[in-house]
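Below is one structure, written out as structure tokens, with a few remarks after it.
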Amino acid sequence: MKKFFAIFAVALLALVGCERPNSGGSGSSDIDGQWHIVEWNGEAPVFDVYVDFNNGKFDIYQQVYSLYYEHFEGTYKTSGEIITGSYTDGSNWACGYKFEVSGKKLTLSSQEDRSIVSVYERCEIPQAVIDEAQTTRASEIQPIF
């Protein structure tokens with residue numbers, strides 16, 4: 001059960017990316033970009049997640065419950081230092097996340113009773129990951145967020 005919650009939270013927090021110019025707007029420009037997970041609750045993750053935040057839309061590429069990467073997409077909003085989102089099938093993320101961008105690092109802290117903290121670094125999502133990923137509905141496979 002502990003592992004399930006950890007993986008679920010990573011999906012929401014999973015952000016991967018290459019640097020992009022700030023797009024302005026409601027604070028989302030700080031988080032915009034491609035991110036790769038490097039830390040989960042203080043340890044190296046046993047799964048892999050890339051996230052691309054871009055002007056209110058996101059793409060998650062995760063290899064969590066599968067040998068292959070799965071692709072999830074949807075929209076997100078930021079309000080101050082909180083990010084929330086929903087998938088294209090209409091389901092919401094499990095919770096909101098407090099985010100902090102410092103240089104090339106993004107830290108996401110879940111807002112549920114049991115806090116999960118994940119750290120991402122800016123990097124370009126490998127084309128091989130994008131090509132391999134199967135588009136998945138959030139209701140079919142448990143996304144990281």
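FYI, nothing fancy with the structure tokens labels: chains A, B, ... in order, residues from 1 per chain, ligands from 1 as they appear.
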
Shell of 7 Å around Ile31 of chain A, only C-alpha atoms, local chain residues under 2 positions omitted, as a PDB file with C-alpha atoms, in the first residue's frame:
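Written output follows (out27.pdb):
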```pdb
ATOM      1  CA  SER A  28       2.879  28.626 -14.477  1.00  0.00           C
ATOM      2  CA  SER A  29       5.911  29.884 -16.397  1.00  0.00           C
ATOM      3  CA  GLY A  33       9.331  22.833 -19.215  1.00  0.00           C
ATOM      4  CA  PHE A  53       4.360  21.245 -18.492  1.00  0.00           C
ATOM      5  CA  VAL A 101      11.417  25.722  -8.778  1.00  0.00           C
TER       6      VAL A 101
END
```

Query raised in the report: Contacts of segment 106-121 of chain A at 6 Å or less, counting only C-alpha atoms, minus same-chain residues fewer than 2 places along, as a PyMOL selection string?
Result: chain A and resi 13+35-41+96-101+104

Query - Separation of atom CA of Pro126 of chain A from atom CA of Asp59 of chain A in Å - result: 13.3 Å

Query - d(atom CA of Tyr76 of chain A, atom CA of Thr88 of chain A) in Å - result: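 The value is 10.8 Å.
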
**Report entry** Shell of 12 Å around Leu67 of chain A, only C-alpha atoms, local chain residues under 6 positions omitted, as number ranges by chain
**Finding:** A: 47-48, 129, 132-134

Could you take the residues named above and write them with N, CA and C atoms, as an mmCIF file, in the first residue's frame?
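Everything below was put into part19.cif:
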```
data_model
loop_
_atom_site.group_PDB
_atom_site.id
_atom_site.type_symbol
_atom_site.label_atom_id
_atom_site.label_comp_id
_atom_site.auth_asym_id
_atom_site.auth_seq_id
_atom_site.Cartn_x
_atom_site.Cartn_y
_atom_site.Cartn_z
ATOM 1 N N PHE A 47 11.261 3.685 -10.240
ATOM 2 C CA PHE A 47 10.431 3.839 -11.425
ATOM 3 C C PHE A 47 10.961 5.053 -12.183
ATOM 4 N N ASP A 48 10.396 5.315 -13.357
ATOM 5 C CA ASP A 48 10.877 6.432 -14.157
ATOM 6 C C ASP A 48 9.698 7.282 -14.615
ATOM 7 N N VAL A 129 11.595 7.632 -25.505
ATOM 8 C CA VAL A 129 10.539 7.500 -24.493
ATOM 9 C C VAL A 129 9.203 7.927 -25.086
ATOM 10 N N GLU A 132 7.999 5.319 -27.602
ATOM 11 C CA GLU A 132 7.583 4.058 -26.983
ATOM 12 C C GLU A 132 6.259 4.173 -26.245
ATOM 13 N N ALA A 133 5.990 5.336 -25.713
ATOM 14 C CA ALA A 133 4.835 5.518 -24.827
ATOM 15 C C ALA A 133 3.523 5.213 -25.530
ATOM 16 N N GLN A 134 2.693 4.494 -24.817
ATOM 17 C CA GLN A 134 1.352 4.200 -25.295
ATOM 18 C C GLN A 134 0.406 5.164 -24.604
#
```

Query raised in the report: What does the distance between atom CA of His71 of chain A and atom CA of Gly42 of chain A come to in Å, to one decimal place?
Result: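 For atom CA of His71 of chain A relative to atom CA of Gly42 of chain A, the distance reads 25.4 Å.
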
Query raised in the report: If you run DSSP on this backbone, which residues of segment 41-144 of chain A come out as helix (DSSP H, G or I), and could you give them as a ChimeraX atom specification?
Result: /A:127-132

Report summary line: Using only C-alpha atoms, the shortest atom-to-atom distance to Gly85 of chain A among A:Asp131, A:Ile60, A:Ser66, A:Ser102 belongs to A:Ile60
